[in-house]
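Visitor: Dropping a structure here in structure tokens format, bear with me for questions.
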Amino acid sequence: MIEGQTIQEIRDAVGRGHLGEPFRAADVNRLLGDDWAGTFLPKHCEGNGYTTEHFVRVNRGLYRLRNSK
């Protein structure tokens, strides 16, 4: 799965109520059937130094979508 598809899948799952916020990497792995969300979420987290900041770390190991409340 490519990066854009992964982020869209997470957004869709949150929108449908299939993934609650805040979520953990294990929740995303279970949703997508993958095993790499533990590196994907921090890589795309606000303040990481990358340009693709799609998530906010709300606590250790807990994330939410950047544009949600």
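As shown in the structure tokens, the chain order sets the letters A, B, ...; within each chain, residues go from 1, and ligands are also counted from 1 in the order they appear.
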Write down as a PDB file with N, CA, C and O atoms, in the first residue's frame the residues of chain A whose backbone DSSP state falls under strand (DSSP E or B).
Guide:
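After the write, part_0.pdb holds the following:
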ATOM      1  N   PHE A  23      -5.771   6.713  18.433  1.00  0.00           N
ATOM      2  CA  PHE A  23      -5.528   5.319  18.063  1.00  0.00           C
ATOM      3  C   PHE A  23      -4.056   4.984  18.251  1.00  0.00           C
ATOM      4  O   PHE A  23      -3.212   5.861  18.339  1.00  0.00           O
ATOM      5  N   CYS A  45       4.058  12.342  11.859  1.00  0.00           N
ATOM      6  CA  CYS A  45       3.495  13.067  12.994  1.00  0.00           C
ATOM      7  C   CYS A  45       3.953  14.523  12.977  1.00  0.00           C
ATOM      8  O   CYS A  45       5.059  14.841  12.551  1.00  0.00           O
ATOM      9  N   PHE A  55      -0.565  13.421  11.365  1.00  0.00           N
ATOM     10  CA  PHE A  55      -1.031  12.965  12.672  1.00  0.00           C
ATOM     11  C   PHE A  55      -0.480  13.842  13.776  1.00  0.00           C
ATOM     12  O   PHE A  55       0.542  14.501  13.620  1.00  0.00           O
ATOM     13  N   VAL A  56      -1.177  13.835  14.917  1.00  0.00           N
ATOM     14  CA  VAL A  56      -0.739  14.537  16.121  1.00  0.00           C
ATOM     15  C   VAL A  56      -0.561  13.479  17.201  1.00  0.00           C
ATOM     16  O   VAL A  56      -1.445  12.644  17.412  1.00  0.00           O
ATOM     17  N   ARG A  57       0.576  13.510  17.861  1.00  0.00           N
ATOM     18  CA  ARG A  57       0.800  12.601  18.978  1.00  0.00           C
ATOM     19  C   ARG A  57       0.159  13.223  20.206  1.00  0.00           C
ATOM     20  O   ARG A  57       0.542  14.308  20.644  1.00  0.00           O
ATOM     21  N   VAL A  58      -0.837  12.551  20.769  1.00  0.00           N
ATOM     22  CA  VAL A  58      -1.560  13.094  21.918  1.00  0.00           C
ATOM     23  C   VAL A  58      -1.018  12.561  23.233  1.00  0.00           C
ATOM     24  O   VAL A  58      -1.253  13.149  24.287  1.00  0.00           O
ATOM     25  N   ASN A  59      -0.306  11.460  23.177  1.00  0.00           N
ATOM     26  CA  ASN A  59       0.330  10.851  24.331  1.00  0.00           C
ATOM     27  C   ASN A  59       1.262   9.781  23.801  1.00  0.00           C
ATOM     28  O   ASN A  59       1.224   9.465  22.614  1.00  0.00           O
ATOM     29  N   LEU A  62      -0.071   7.196  21.265  1.00  0.00           N
ATOM     30  CA  LEU A  62      -1.443   7.537  20.882  1.00  0.00           C
ATOM     31  C   LEU A  62      -1.441   8.692  19.887  1.00  0.00           C
ATOM     32  O   LEU A  62      -0.787   9.723  20.124  1.00  0.00           O
ATOM     33  N   TYR A  63      -2.204   8.525  18.813  1.00  0.00           N
ATOM     34  CA  TYR A  63      -2.239   9.523  17.738  1.00  0.00           C
ATOM     35  C   TYR A  63      -3.674   9.825  17.343  1.00  0.00           C
ATOM     36  O   TYR A  63      -4.587   9.043  17.595  1.00  0.00           O
ATOM     37  N   ARG A  64      -3.842  10.989  16.730  1.00  0.00           N
ATOM     38  CA  ARG A  64      -5.112  11.353  16.097  1.00  0.00           C
ATOM     39  C   ARG A  64      -4.777  12.015  14.776  1.00  0.00           C
ATOM     40  O   ARG A  64      -3.638  12.433  14.536  1.00  0.00           O
ATOM     41  N   LEU A  65      -5.764  12.129  13.914  1.00  0.00           N
ATOM     42  CA  LEU A  65      -5.565  12.836  12.653  1.00  0.00           C
ATOM     43  C   LEU A  65      -5.298  14.305  12.945  1.00  0.00           C
ATOM     44  O   LEU A  65      -5.892  14.887  13.864  1.00  0.00           O
TER      45      LEU A  65
END
Visitor: Hey, what's within 12 Å of A:Ala13 if we count only C-alpha atoms and toss same-chain stuff fewer than 3 positions away? As a PyMOL selection string, please?
Guide: chain A and resi 6-10+16-21+23+27-28+30-32+65
Visitor: Go ahead and save the residues from that selection, with C-alpha atoms, as a PDB file, in the first residue's frame.
Guide:
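selection03.pdb written:
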ATOM      1  CA  THR A   6      -2.620   4.413   3.792  1.00  0.00           C
ATOM      2  CA  ILE A   7      -3.452   7.873   5.054  1.00  0.00           C
ATOM      3  CA  GLN A   8      -6.753   7.877   3.150  1.00  0.00           C
ATOM      4  CA  GLU A   9      -7.662   4.448   4.583  1.00  0.00           C
ATOM      5  CA  ILE A  10      -7.022   5.770   8.097  1.00  0.00           C
ATOM      6  CA  ARG A  16     -16.865   5.723   9.422  1.00  0.00           C
ATOM      7  CA  GLY A  17     -16.243   5.120  13.114  1.00  0.00           C
ATOM      8  CA  HIS A  18     -14.180   1.967  12.497  1.00  0.00           C
ATOM      9  CA  LEU A  19     -11.091   3.529  14.059  1.00  0.00           C
ATOM     10  CA  GLY A  20     -11.500   5.614  17.183  1.00  0.00           C
ATOM     11  CA  GLU A  21      -9.278   8.520  18.104  1.00  0.00           C
ATOM     12  CA  PHE A  23      -5.528   5.319  18.063  1.00  0.00           C
ATOM     13  CA  ASP A  27      -5.128  -0.448  15.891  1.00  0.00           C
ATOM     14  CA  VAL A  28      -3.930   0.758  12.486  1.00  0.00           C
ATOM     15  CA  ARG A  30      -5.232  -4.469  12.641  1.00  0.00           C
ATOM     16  CA  LEU A  31      -7.303  -2.209  10.385  1.00  0.00           C
ATOM     17  CA  LEU A  32      -4.952  -2.378   7.401  1.00  0.00           C
ATOM     18  CA  LEU A  65      -5.565  12.836  12.653  1.00  0.00           C
TER      19      LEU A  65
END
Visitor: Could you state the separation of atom CA of A:Pro42 and atom CA of A:Arg24 in Å, given to one decimal place?
Guide: 10.8 Å
Visitor: With distances taken over only C-alpha atoms, which residue among A:Ala25, A:Gly15, A:Asn67, A:Ile2 lies nearest A:Glu46?
Guide: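 Looking only at the distances to A:Glu46, the closest residue turns out to be A:Asn67.
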Visitor: Go through chain A and collect every residue that DSSP, computed from the backbone, puts in alpha helix (DSSP H); the answer should be as a PyMOL selection string.
Guide: chain A and resi 3-16+25-32+37-43
Visitor: What is the distance, in Å and to one decimal place, between atom CA of A:Pro22 and atom CA of A:Gly61?
Guide: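 Between atom CA of A:Pro22 and atom CA of A:Gly61 the gap is 9.3 Å.
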